[in-house]
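To be precise, the following lines are protein21.cif, and they hold mmCIF, C-alpha atoms and all ligand atoms.
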data_coords
#
loop_
_atom_site.group_PDB
_atom_site.id
_atom_site.type_symbol
_atom_site.label_atom_id
_atom_site.label_comp_id
_atom_site.auth_asym_id
_atom_site.auth_seq_id
_atom_site.Cartn_x
_atom_site.Cartn_y
_atom_site.Cartn_z
ATOM 1 C CA MET A 1 96.814 75.574 140.915
ATOM 2 C CA ILE A 2 94.444 78.113 139.374
ATOM 3 C CA GLU A 3 94.960 81.756 140.099
ATOM 4 C CA VAL A 4 91.577 83.260 140.919
ATOM 5 C CA GLU A 5 91.304 86.522 139.131
ATOM 6 C CA TYR A 6 87.865 87.606 137.991
ATOM 7 C CA ARG A 7 88.882 89.223 134.731
ATOM 8 C CA CYS A 8 86.670 88.467 131.772
ATOM 9 C CA ALA A 9 87.909 87.637 128.261
ATOM 10 C CA TRP A 10 84.399 87.041 126.834
ATOM 11 C CA GLN A 11 81.172 85.285 127.758
ATOM 12 C CA TRP A 12 79.593 82.062 126.582
ATOM 13 C CA HIS A 13 75.853 82.029 126.639
ATOM 14 C CA TRP A 14 73.434 79.162 126.173
ATOM 15 C CA PRO A 15 70.100 81.041 126.038
ATOM 16 C CA GLU A 16 68.006 77.864 125.821
ATOM 17 C CA LEU A 17 69.720 76.474 128.941
ATOM 18 C CA ASN A 18 69.817 79.773 130.825
ATOM 19 C CA ILE A 19 73.565 79.399 131.351
ATOM 20 C CA LEU A 20 76.073 82.211 131.136
ATOM 21 C CA PHE A 21 79.793 81.819 131.783
ATOM 22 C CA ASN A 22 82.381 84.531 132.087
ATOM 23 C CA VAL A 23 85.463 83.093 130.431
ATOM 24 C CA SER A 24 88.354 84.245 132.585
ATOM 25 C CA LYS A 25 91.508 85.695 131.116
ATOM 26 C CA GLN A 26 93.324 82.860 132.896
ATOM 27 C CA ALA A 27 91.429 80.315 130.755
ATOM 28 C CA ASN A 28 91.872 82.363 127.602
ATOM 29 C CA ASN A 29 95.627 82.631 128.169
ATOM 30 C CA ILE A 30 95.846 78.846 128.350
ATOM 31 C CA PHE A 31 93.719 78.379 125.215
ATOM 32 C CA GLN A 32 95.753 80.921 123.242
ATOM 33 C CA ALA A 33 99.099 79.455 124.315
ATOM 34 C CA ASN A 34 98.203 75.927 123.199
ATOM 35 C CA ARG A 35 96.605 76.257 119.759
ATOM 36 C CA GLN A 36 97.444 73.302 117.521
ATOM 37 C CA LEU A 37 99.271 75.227 114.846
ATOM 38 C CA GLY A 38 102.070 73.084 113.435
ATOM 39 C CA ARG A 39 101.324 70.377 110.870
ATOM 40 C CA ARG A 40 102.715 67.740 113.205
ATOM 41 C CA ALA A 41 101.381 69.288 116.368
ATOM 42 C CA HIS A 42 99.475 67.020 118.708
ATOM 43 C CA GLU A 43 96.203 67.692 120.461
ATOM 44 C CA CYS A 44 96.404 68.853 124.036
ATOM 45 C CA GLY A 45 93.961 69.962 126.668
ATOM 46 C CA GLY A 46 92.987 70.267 130.284
ATOM 47 C CA GLN A 47 90.014 70.506 132.601
ATOM 48 C CA LEU A 48 87.574 73.363 133.102
ATOM 49 C CA PHE A 49 86.464 74.576 136.490
ATOM 50 C CA VAL A 50 83.874 77.084 137.541
ATOM 51 C CA SER A 51 83.937 79.515 140.410
ATOM 52 C CA ILE A 52 81.035 81.691 141.531
ATOM 53 C CA ASP A 53 81.782 85.292 142.482
ATOM 54 C CA ASN A 54 80.045 87.495 145.031
ATOM 55 C CA ASP A 55 77.520 88.617 142.412
ATOM 56 C CA GLY A 56 76.505 85.041 141.661
ATOM 57 C CA GLU A 57 78.229 85.031 138.291
ATOM 58 C CA PHE A 58 79.885 81.899 136.937
ATOM 59 C CA TRP A 59 83.552 82.136 135.951
ATOM 60 C CA MET A 60 85.373 79.562 133.881
ATOM 61 C CA PHE A 61 88.996 78.665 134.619
ATOM 62 C CA ALA A 62 91.216 76.099 132.902
ATOM 63 C CA THR A 63 94.098 73.824 133.783
ATOM 64 C CA PRO A 64 96.991 73.521 131.313
ATOM 65 C CA PRO A 65 98.066 70.425 129.358
ATOM 66 C CA HIS A 66 99.953 67.814 131.387
ATOM 67 C CA THR A 67 102.962 65.695 130.451
ATOM 68 C CA LEU A 68 101.145 62.502 131.523
ATOM 69 C CA ASP A 69 98.342 63.023 128.967
ATOM 70 C CA LYS A 70 98.419 60.737 125.926
ATOM 71 C CA CYS A 71 97.878 62.318 122.531
ATOM 72 C CA GLY A 72 98.233 62.197 118.771
ATOM 73 C CA SER A 73 97.479 64.659 116.020
ATOM 74 C CA THR A 74 93.741 63.888 116.148
ATOM 75 C CA TRP A 75 93.169 62.416 119.584
ATOM 76 C CA LEU A 76 93.802 63.098 123.249
ATOM 77 C CA GLU A 77 93.424 61.205 126.483
ATOM 78 C CA LEU A 78 93.754 63.275 129.622
ATOM 79 C CA ASP A 79 95.597 61.381 132.324
ATOM 80 C CA ALA A 80 93.068 60.101 134.827
ATOM 81 C CA SER A 81 95.290 60.586 137.884
ATOM 82 C CA ARG A 82 96.093 64.213 137.087
ATOM 83 C CA CYS A 83 92.391 64.879 136.458
ATOM 84 C CA LYS A 84 91.509 63.413 139.824
ATOM 85 C CA ALA A 85 94.236 65.363 141.606
ATOM 86 C CA GLU A 86 93.111 68.601 139.988
ATOM 87 C CA ILE A 87 89.497 68.019 140.970
ATOM 88 C CA ILE A 88 90.447 67.417 144.606
ATOM 89 C CA GLU A 89 92.642 70.490 144.693
ATOM 90 C CA ALA A 90 90.049 72.634 142.933
ATOM 91 C CA ASN A 91 87.247 71.542 145.255
ATOM 92 C CA VAL A 92 89.314 72.552 148.263
ATOM 93 C CA ALA A 93 89.736 75.991 146.677
ATOM 94 C CA GLY A 94 85.989 76.295 146.030
ATOM 95 C CA PHE A 95 86.000 75.433 142.323
ATOM 96 C CA ARG A 96 83.751 72.864 140.706
ATOM 97 C CA LEU A 97 84.524 70.733 137.677
ATOM 98 C CA VAL A 98 82.495 71.833 134.667
ATOM 99 C CA GLY A 99 84.133 70.025 131.741
ATOM 100 C CA TYR A 100 87.290 69.960 129.697
ATOM 101 C CA TRP A 101 88.961 71.640 126.758
ATOM 102 C CA HIS A 102 91.190 70.387 123.983
ATOM 103 C CA THR A 103 92.677 71.525 120.710
ATOM 104 C CA HIS A 104 91.786 70.579 117.150
ATOM 105 C CA PRO A 105 93.859 71.071 113.990
ATOM 106 C CA GLN A 106 90.886 72.911 112.419
ATOM 107 C CA GLU A 107 90.369 76.616 111.835
ATOM 108 C CA VAL A 108 86.857 76.546 113.265
ATOM 109 C CA PRO A 109 86.585 73.504 115.503
ATOM 110 C CA ALA A 110 83.726 71.060 115.149
ATOM 111 C CA LEU A 111 82.599 68.452 117.635
ATOM 112 C CA SER A 112 83.478 65.013 116.233
ATOM 113 C CA SER A 113 81.714 61.742 116.949
ATOM 114 C CA ARG A 114 84.794 60.784 118.970
ATOM 115 C CA ASP A 115 84.405 63.982 121.017
ATOM 116 C CA ILE A 116 80.786 63.129 121.725
ATOM 117 C CA ALA A 117 81.797 59.650 122.882
ATOM 118 C CA SER A 118 84.541 61.194 125.075
ATOM 119 C CA LEU A 119 82.033 63.595 126.590
ATOM 120 C CA ALA A 120 79.769 60.714 127.505
ATOM 121 C CA THR A 121 82.731 58.912 129.104
ATOM 122 C CA PHE A 122 83.805 62.053 130.956
ATOM 123 C CA SER A 123 80.280 62.512 132.221
ATOM 124 C CA GLU A 124 80.124 58.881 133.317
ATOM 125 C CA ARG A 125 83.517 59.065 135.034
ATOM 126 C CA ASN A 126 82.365 62.112 136.985
ATOM 127 C CA LYS A 127 78.872 60.861 137.675
ATOM 128 C CA GLY A 128 77.311 62.582 140.635
ATOM 129 C CA ILE A 129 79.416 65.700 140.298
ATOM 130 C CA LEU A 130 78.994 66.404 136.589
ATOM 131 C CA GLU A 131 76.159 65.085 134.449
ATOM 132 C CA LYS A 132 76.227 67.670 131.652
ATOM 133 C CA PRO A 133 79.817 68.644 130.949
ATOM 134 C CA VAL A 134 80.958 71.584 128.870
ATOM 135 C CA ALA A 135 83.366 70.842 126.018
ATOM 136 C CA VAL A 136 85.590 73.626 124.778
ATOM 137 C CA ILE A 137 87.499 73.056 121.556
ATOM 138 C CA VAL A 138 90.333 75.364 120.609
ATOM 139 C CA GLY A 139 90.839 75.664 116.860
ATOM 140 C CA ARG A 140 93.406 77.605 114.892
ATOM 141 C CA SER A 141 91.422 80.676 113.932
ATOM 142 C CA SER A 142 92.045 83.748 116.047
ATOM 143 C CA ASN A 143 88.459 84.904 115.397
ATOM 144 C CA SER A 144 85.814 84.354 118.046
ATOM 145 C CA GLU A 145 84.584 81.174 116.311
ATOM 146 C CA GLY A 146 88.110 79.716 116.630
ATOM 147 C CA ILE A 147 87.315 78.666 120.198
ATOM 148 C CA ARG A 148 83.874 77.158 120.714
ATOM 149 C CA ALA A 149 81.983 75.590 123.585
ATOM 150 C CA TRP A 150 79.272 72.952 123.693
ATOM 151 C CA SER A 151 77.091 71.812 126.527
ATOM 152 C CA HIS A 152 76.658 68.046 126.478
ATOM 153 C CA GLN A 153 73.024 67.461 127.384
ATOM 154 C CA SER A 154 72.712 63.852 126.263
ATOM 155 C CA PRO A 155 74.437 61.543 123.785
ATOM 156 C CA ARG A 156 72.209 63.049 121.082
ATOM 157 C CA SER A 157 72.217 66.692 122.095
ATOM 158 C CA GLN A 158 75.232 69.022 122.201
ATOM 159 C CA ILE A 159 74.338 72.692 122.316
ATOM 160 C CA LEU A 160 76.772 75.256 120.957
ATOM 161 C CA ALA A 161 77.307 78.372 123.061
ATOM 162 C CA VAL A 162 76.940 81.880 121.697
ATOM 163 C CA HIS A 163 80.147 83.901 122.029
ATOM 164 C CA GLU A 164 79.458 87.326 123.532
ATOM 165 C CA THR A 165 81.673 90.225 124.410
ATOM 166 C CA LYS A 166 80.893 91.392 127.915
ATOM 167 C CA ALA A 167 78.705 94.474 127.641
ATOM 168 C CA LEU A 168 80.228 96.720 130.273
ATOM 169 C CA ALA A 169 83.861 97.564 130.730
ATOM 170 C CA GLU A 170 85.240 95.311 133.405
ATOM 171 C CA ASN A 171 86.490 96.693 136.631
ATOM 172 C CA SER A 172 89.165 94.516 138.138
ATOM 173 C CA ASP A 173 88.388 95.941 141.568
ATOM 174 C CA ASN A 174 84.822 94.657 141.719
ATOM 175 C CA ARG A 175 85.479 91.087 140.598
ATOM 176 C CA GLY A 176 84.070 91.364 137.145
ATOM 177 C CA GLY A 177 81.455 94.094 137.113
ATOM 178 C CA LYS A 178 77.839 94.355 138.129
ATOM 179 C CA ASP A 179 76.107 94.219 134.792
ATOM 180 C CA HIS A 180 74.698 90.761 135.329
ATOM 181 C CA LYS A 181 72.831 90.157 138.553
ATOM 182 C CA ALA A 182 72.570 86.764 140.142
ATOM 183 C CA SER A 183 68.764 86.926 139.958
ATOM 184 C CA ASP A 184 68.700 86.860 136.159
ATOM 185 C CA GLY A 185 71.852 84.798 135.863
ATOM 186 C CA PRO A 186 72.419 81.149 135.210
ATOM 187 C CA SER A 187 70.490 78.780 137.394
ATOM 188 C CA SER A 188 68.327 75.980 136.080
ATOM 189 C CA GLY A 189 70.711 74.549 133.523
ATOM 190 C CA LEU A 190 73.557 74.410 135.984
ATOM 191 C CA ALA A 191 72.012 72.340 138.686
ATOM 192 C CA ASN A 192 75.116 70.197 138.720
ATOM 193 C CA VAL A 193 77.406 73.091 139.585
ATOM 194 C CA GLN A 194 76.902 73.852 143.214
ATOM 195 C CA ARG A 195 78.297 76.349 145.590
ATOM 196 C CA SER A 196 80.550 74.821 148.175
HETATM 197 ZN ZN ZN B 201 88.224 66.587 119.635
#
As structure tokens - that is how I would like this structure written.
Ligand SMILES: [Zn+2]
Amino acid sequence: MIEVEYRCAWQWHWPELNILFNVSKQANNIFQANRQLGRRAHECGGQLFVSIDNDGEFWMFATPPHTLDKCGSTWLELDASRCKAEIIEANVAGFRLVGYWHTHPQEVPALSSRDIASLATFSERNKGILEKPVAVIVGRSSNSEGIRAWSHQSPRSQILAVHETKALAENSDNRGGKDHKASDGPSSGLANVQRS
């Protein structure tokens, strides 16, 4: 399903939550290929999974849109059966569900009240494996703020991630570089993402 390649497009950092994700090029390729550009284009999206590399770093991967999903120009409902199937398959491969992504017909995407309600539903549906999902929204702008991520902490608190370019040049041979050690990496805020 997801090709595991630890190549980093950028990082999302939530300093107040002590969470840092390497956004894989695999996820970025899916985001870039599905921007909602046409005037009549519909929203689309998929799920987000995290894998932990040998250095203890968290890597975000994405699944592509699915033909069973229901959507309109301003709404999207991921098909429940495909979501379930992806989670089962991902868990077998050592990935853990971390949230979902979808497109917006906005340059710089904003989290709507409907998105917040969907996040609460998503969290409820995946209770026990995912209490605080990450929501990625892909807008139209090709600048870094065109794709943004929020961590859903509670119905009243959604924390926007800081987009960071990975400091050191990646080395595809060492699974993403050594510039971020597990000891000072994400921990407390990600209690719901566990190693298999
Ligand atoms: Zn939305």
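Taking CA of Ser51 in chain A and CA of Ile19 in chain A as the two end points, the separation is 13.8 Å.
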Tell me, as a PyMOL selection string, which residues lie within 7 Å of range 99-105 of chain A, counting all atoms listed in the file; anything in the same chain fewer than 3 positions away does not count. chain A and resi 35-37+43-49+109+133-140
Dump of C-alpha atoms for the selected residues, as a PDB file, keeping the file's coordinate frame:
ATOM      1  CA  ARG A  35      96.605  76.257 119.759  1.00  0.00           C
ATOM      2  CA  GLN A  36      97.444  73.302 117.521  1.00  0.00           C
ATOM      3  CA  LEU A  37      99.271  75.227 114.846  1.00  0.00           C
ATOM      4  CA  GLU A  43      96.203  67.692 120.461  1.00  0.00           C
ATOM      5  CA  CYS A  44      96.404  68.853 124.036  1.00  0.00           C
ATOM      6  CA  GLY A  45      93.961  69.962 126.668  1.00  0.00           C
ATOM      7  CA  GLY A  46      92.987  70.267 130.284  1.00  0.00           C
ATOM      8  CA  GLN A  47      90.014  70.506 132.601  1.00  0.00           C
ATOM      9  CA  LEU A  48      87.574  73.363 133.102  1.00  0.00           C
ATOM     10  CA  PHE A  49      86.464  74.576 136.490  1.00  0.00           C
ATOM     11  CA  PRO A 109      86.585  73.504 115.503  1.00  0.00           C
ATOM     12  CA  PRO A 133      79.817  68.644 130.949  1.00  0.00           C
ATOM     13  CA  VAL A 134      80.958  71.584 128.870  1.00  0.00           C
ATOM     14  CA  ALA A 135      83.366  70.842 126.018  1.00  0.00           C
ATOM     15  CA  VAL A 136      85.590  73.626 124.778  1.00  0.00           C
ATOM     16  CA  ILE A 137      87.499  73.056 121.556  1.00  0.00           C
ATOM     17  CA  VAL A 138      90.333  75.364 120.609  1.00  0.00           C
ATOM     18  CA  GLY A 139      90.839  75.664 116.860  1.00  0.00           C
ATOM     19  CA  ARG A 140      93.406  77.605 114.892  1.00  0.00           C
TER      20      ARG A 140
END
Among A:Arg114, A:Arg7, A:Arg82, A:Lys25, ligand ZN 201 (chain B) is approached most closely, using all atoms listed in the file, by A:Arg114
Applied to the shown file, which residues does the PyMOL selection byres (((chain A and resi 121-123) around 10) and not hetatm) return, written as JSON, numbers by chain? {"A": [98, 99, 100, 115, 116, 117, 118, 119, 120, 124, 125, 126, 127, 128, 129, 130, 131, 132, 133, 134, 152, 154]}
Take CA of Asn143 in chain A and CA of Phe21 in chain A and report the distance between them in Å, one decimal.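 CA of Asn143 in chain A sits 18.8 Å away from CA of Phe21 in chain A.
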So the first atom is CA of Val23 in chain A and the second is CA of Ala149 in chain A; what is the distance between them in Å, to one decimal place?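 Here the two named atoms are 10.7 Å from each other.
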On this structure, the PyMOL selection byres (((chain A and resi 165) around 7) and not hetatm) would catch which residues? List them as a PyMOL selection string, sorted by chain and number. chain A and resi 10-11+163-164+166-167
Using only C-alpha atoms, which of the listed residues (A:Lys84, A:Arg156, A:Arg148, A:His66) sits closest to Asn28 in chain A?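 Of all the options, A:Arg148 lies closest to Asn28 in chain A.
Counting only C-alpha atoms and all ligand atoms and comparing A:Ile147, A:Cys8, A:Leu160, A:Leu111, the residue that lies closest to ligand ZN 201 (chain B) is A:Leu111.
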Between A:Leu76, A:Ala90, A:Ile52, A:Val162, which residue has the minimum interatomic distance to ligand ZN 201 (chain B), considering only C-alpha atoms and all ligand atoms? A:Leu76
Measuring atom to atom with only C-alpha atoms and all ligand atoms, identify which of A:Ser144, A:Thr74, A:Ser157, A:Thr67 is nearest to ligand ZN 201 (chain B).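 Ranking A:Ser144, A:Thr74, A:Ser157, A:Thr67 by distance to ligand ZN 201 (chain B), first place goes to A:Thr74.
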Pick out the closest residue to Gln32 in chain A from this set: A:Ser113, A:Ser142, A:Gln153, A:Gln158. Count all atoms listed in the file.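 Counting all atoms listed in the file, the residue closest to Gln32 in chain A is A:Ser142.
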Excluding Val4 in chain A and residues on its chain fewer than 2 positions from it, collect all residues at most 12 Å away from it, counting only C-alpha atoms, and give them as a ChimeraX atom specification. /A:1-2,6-8,24-27,49-53,59-62,90,93-95,172,175-176
Written selection (C-alpha atoms) as an mmCIF file, in the frame of the given file:
data_model
loop_
_atom_site.group_PDB
_atom_site.id
_atom_site.type_symbol
_atom_site.label_atom_id
_atom_site.label_comp_id
_atom_site.auth_asym_id
_atom_site.auth_seq_id
_atom_site.Cartn_x
_atom_site.Cartn_y
_atom_site.Cartn_z
ATOM 1 C CA MET A 1 96.814 75.574 140.915
ATOM 2 C CA ILE A 2 94.444 78.113 139.374
ATOM 3 C CA TYR A 6 87.865 87.606 137.991
ATOM 4 C CA ARG A 7 88.882 89.223 134.731
ATOM 5 C CA CYS A 8 86.670 88.467 131.772
ATOM 6 C CA SER A 24 88.354 84.245 132.585
ATOM 7 C CA LYS A 25 91.508 85.695 131.116
ATOM 8 C CA GLN A 26 93.324 82.860 132.896
ATOM 9 C CA ALA A 27 91.429 80.315 130.755
ATOM 10 C CA PHE A 49 86.464 74.576 136.490
ATOM 11 C CA VAL A 50 83.874 77.084 137.541
ATOM 12 C CA SER A 51 83.937 79.515 140.410
ATOM 13 C CA ILE A 52 81.035 81.691 141.531
ATOM 14 C CA ASP A 53 81.782 85.292 142.482
ATOM 15 C CA TRP A 59 83.552 82.136 135.951
ATOM 16 C CA MET A 60 85.373 79.562 133.881
ATOM 17 C CA PHE A 61 88.996 78.665 134.619
ATOM 18 C CA ALA A 62 91.216 76.099 132.902
ATOM 19 C CA ALA A 90 90.049 72.634 142.933
ATOM 20 C CA ALA A 93 89.736 75.991 146.677
ATOM 21 C CA GLY A 94 85.989 76.295 146.030
ATOM 22 C CA PHE A 95 86.000 75.433 142.323
ATOM 23 C CA SER A 172 89.165 94.516 138.138
ATOM 24 C CA ARG A 175 85.479 91.087 140.598
ATOM 25 C CA GLY A 176 84.070 91.364 137.145
#
Around all of range 99-104 of chain A's listed atoms, make the axis-aligned box with 4 Å on each side and tell me centre and edge lengths in Å to one decimal, as AutoDock Vina command-line options.
--center_x 88.4 --center_y 70.8 --center_z 124.4 --size_x 16.5 --size_y 9.7 --size_z 22.6
Atoms added to range 79-113 of chain A (N, CA and C atoms), reported as a PDB file, keeping the file's coordinate frame:
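Result file is selection-v7.pdb:
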ATOM      1  N   ASP A  79      95.179  62.356 131.316  1.00  0.00           N
ATOM      2  CA  ASP A  79      95.597  61.381 132.324  1.00  0.00           C
ATOM      3  C   ASP A  79      94.618  61.384 133.498  1.00  0.00           C
ATOM      4  N   ALA A  80      94.115  60.204 133.811  1.00  0.00           N
ATOM      5  CA  ALA A  80      93.068  60.101 134.827  1.00  0.00           C
ATOM      6  C   ALA A  80      93.553  60.562 136.207  1.00  0.00           C
ATOM      7  N   SER A  81      94.815  60.234 136.539  1.00  0.00           N
ATOM      8  CA  SER A  81      95.290  60.586 137.884  1.00  0.00           C
ATOM      9  C   SER A  81      95.475  62.095 138.028  1.00  0.00           C
ATOM     10  N   ARG A  82      95.927  62.763 136.964  1.00  0.00           N
ATOM     11  CA  ARG A  82      96.093  64.213 137.087  1.00  0.00           C
ATOM     12  C   ARG A  82      94.710  64.877 137.163  1.00  0.00           C
ATOM     13  N   CYS A  83      93.741  64.313 136.413  1.00  0.00           N
ATOM     14  CA  CYS A  83      92.391  64.879 136.458  1.00  0.00           C
ATOM     15  C   CYS A  83      91.842  64.785 137.881  1.00  0.00           C
ATOM     16  N   LYS A  84      92.025  63.628 138.478  1.00  0.00           N
ATOM     17  CA  LYS A  84      91.509  63.413 139.824  1.00  0.00           C
ATOM     18  C   LYS A  84      92.179  64.375 140.810  1.00  0.00           C
ATOM     19  N   ALA A  85      93.499  64.478 140.695  1.00  0.00           N
ATOM     20  CA  ALA A  85      94.236  65.363 141.606  1.00  0.00           C
ATOM     21  C   ALA A  85      93.784  66.813 141.449  1.00  0.00           C
ATOM     22  N   GLU A  86      93.557  67.223 140.213  1.00  0.00           N
ATOM     23  CA  GLU A  86      93.111  68.601 139.988  1.00  0.00           C
ATOM     24  C   GLU A  86      91.733  68.848 140.586  1.00  0.00           C
ATOM     25  N   ILE A  87      90.860  67.853 140.449  1.00  0.00           N
ATOM     26  CA  ILE A  87      89.497  68.019 140.970  1.00  0.00           C
ATOM     27  C   ILE A  87      89.535  68.176 142.493  1.00  0.00           C
ATOM     28  N   ILE A  88      90.344  67.345 143.140  1.00  0.00           N
ATOM     29  CA  ILE A  88      90.447  67.417 144.606  1.00  0.00           C
ATOM     30  C   ILE A  88      90.973  68.779 145.026  1.00  0.00           C
ATOM     31  N   GLU A  89      92.028  69.209 144.349  1.00  0.00           N
ATOM     32  CA  GLU A  89      92.642  70.490 144.693  1.00  0.00           C
ATOM     33  C   GLU A  89      91.676  71.657 144.431  1.00  0.00           C
ATOM     34  N   ALA A  90      90.980  71.570 143.299  1.00  0.00           N
ATOM     35  CA  ALA A  90      90.049  72.634 142.933  1.00  0.00           C
ATOM     36  C   ALA A  90      88.883  72.707 143.914  1.00  0.00           C
ATOM     37  N   ASN A  91      88.377  71.553 144.328  1.00  0.00           N
ATOM     38  CA  ASN A  91      87.247  71.542 145.255  1.00  0.00           C
ATOM     39  C   ASN A  91      87.615  72.195 146.580  1.00  0.00           C
ATOM     40  N   VAL A  92      88.845  71.932 147.019  1.00  0.00           N
ATOM     41  CA  VAL A  92      89.314  72.552 148.263  1.00  0.00           C
ATOM     42  C   VAL A  92      89.318  74.077 148.123  1.00  0.00           C
ATOM     43  N   ALA A  93      89.661  74.544 146.921  1.00  0.00           N
ATOM     44  CA  ALA A  93      89.736  75.991 146.677  1.00  0.00           C
ATOM     45  C   ALA A  93      88.383  76.598 146.310  1.00  0.00           C
ATOM     46  N   GLY A  94      87.319  75.764 146.302  1.00  0.00           N
ATOM     47  CA  GLY A  94      85.989  76.295 146.030  1.00  0.00           C
ATOM     48  C   GLY A  94      85.570  76.242 144.572  1.00  0.00           C
ATOM     49  N   PHE A  95      86.369  75.586 143.730  1.00  0.00           N
ATOM     50  CA  PHE A  95      86.000  75.433 142.323  1.00  0.00           C
ATOM     51  C   PHE A  95      85.239  74.123 142.137  1.00  0.00           C
ATOM     52  N   ARG A  96      84.435  74.100 141.067  1.00  0.00           N
ATOM     53  CA  ARG A  96      83.751  72.864 140.706  1.00  0.00           C
ATOM     54  C   ARG A  96      84.068  72.504 139.267  1.00  0.00           C
ATOM     55  N   LEU A  97      84.256  71.208 139.033  1.00  0.00           N
ATOM     56  CA  LEU A  97      84.524  70.733 137.677  1.00  0.00           C
ATOM     57  C   LEU A  97      83.329  71.034 136.782  1.00  0.00           C
ATOM     58  N   VAL A  98      83.599  71.538 135.581  1.00  0.00           N
ATOM     59  CA  VAL A  98      82.495  71.833 134.667  1.00  0.00           C
ATOM     60  C   VAL A  98      82.712  71.198 133.289  1.00  0.00           C
ATOM     61  N   GLY A  99      83.899  70.667 133.037  1.00  0.00           N
ATOM     62  CA  GLY A  99      84.133  70.025 131.741  1.00  0.00           C
ATOM     63  C   GLY A  99      85.602  70.010 131.394  1.00  0.00           C
ATOM     64  N   TYR A 100      85.893  69.952 130.112  1.00  0.00           N
ATOM     65  CA  TYR A 100      87.290  69.960 129.697  1.00  0.00           C
ATOM     66  C   TYR A 100      87.427  70.649 128.353  1.00  0.00           C
ATOM     67  N   TRP A 101      88.668  70.988 128.033  1.00  0.00           N
ATOM     68  CA  TRP A 101      88.961  71.640 126.758  1.00  0.00           C
ATOM     69  C   TRP A 101      90.047  70.843 126.061  1.00  0.00           C
ATOM     70  N   HIS A 102      90.073  70.958 124.735  1.00  0.00           N
ATOM     71  CA  HIS A 102      91.190  70.387 123.983  1.00  0.00           C
ATOM     72  C   HIS A 102      91.302  71.087 122.633  1.00  0.00           C
ATOM     73  N   THR A 103      92.422  70.848 121.985  1.00  0.00           N
ATOM     74  CA  THR A 103      92.677  71.525 120.710  1.00  0.00           C
ATOM     75  C   THR A 103      92.260  70.630 119.547  1.00  0.00           C
ATOM     76  N   HIS A 104      91.997  71.271 118.424  1.00  0.00           N
ATOM     77  CA  HIS A 104      91.786  70.579 117.150  1.00  0.00           C
ATOM     78  C   HIS A 104      92.648  71.245 116.088  1.00  0.00           C
ATOM     79  N   PRO A 105      93.113  70.468 115.100  1.00  0.00           N
ATOM     80  CA  PRO A 105      93.859  71.071 113.990  1.00  0.00           C
ATOM     81  C   PRO A 105      92.917  71.616 112.917  1.00  0.00           C
ATOM     82  N   GLN A 106      91.864  72.310 113.335  1.00  0.00           N
ATOM     83  CA  GLN A 106      90.886  72.911 112.419  1.00  0.00           C
ATOM     84  C   GLN A 106      90.853  74.408 112.665  1.00  0.00           C
ATOM     85  N   GLU A 107      90.506  75.166 111.636  1.00  0.00           N
ATOM     86  CA  GLU A 107      90.369  76.616 111.835  1.00  0.00           C
ATOM     87  C   GLU A 107      89.227  76.887 112.813  1.00  0.00           C
ATOM     88  N   VAL A 108      88.038  76.427 112.402  1.00  0.00           N
ATOM     89  CA  VAL A 108      86.857  76.546 113.265  1.00  0.00           C
ATOM     90  C   VAL A 108      86.537  75.138 113.748  1.00  0.00           C
ATOM     91  N   PRO A 109      86.709  74.875 115.025  1.00  0.00           N
ATOM     92  CA  PRO A 109      86.585  73.504 115.503  1.00  0.00           C
ATOM     93  C   PRO A 109      85.143  72.992 115.473  1.00  0.00           C
ATOM     94  N   ALA A 110      85.025  71.729 115.127  1.00  0.00           N
ATOM     95  CA  ALA A 110      83.726  71.060 115.149  1.00  0.00           C
ATOM     96  C   ALA A 110      83.808  69.884 116.113  1.00  0.00           C
ATOM     97  N   LEU A 111      82.669  69.569 116.701  1.00  0.00           N
ATOM     98  CA  LEU A 111      82.599  68.452 117.635  1.00  0.00           C
ATOM     99  C   LEU A 111      82.518  67.157 116.819  1.00  0.00           C
ATOM    100  N   SER A 112      83.476  66.263 117.000  1.00  0.00           N
ATOM    101  CA  SER A 112      83.478  65.013 116.233  1.00  0.00           C
ATOM    102  C   SER A 112      82.687  63.943 116.977  1.00  0.00           C
ATOM    103  N   SER A 113      82.433  62.843 116.284  1.00  0.00           N
ATOM    104  CA  SER A 113      81.714  61.742 116.949  1.00  0.00           C
ATOM    105  C   SER A 113      82.572  61.183 118.088  1.00  0.00           C
TER     106      SER A 113
END
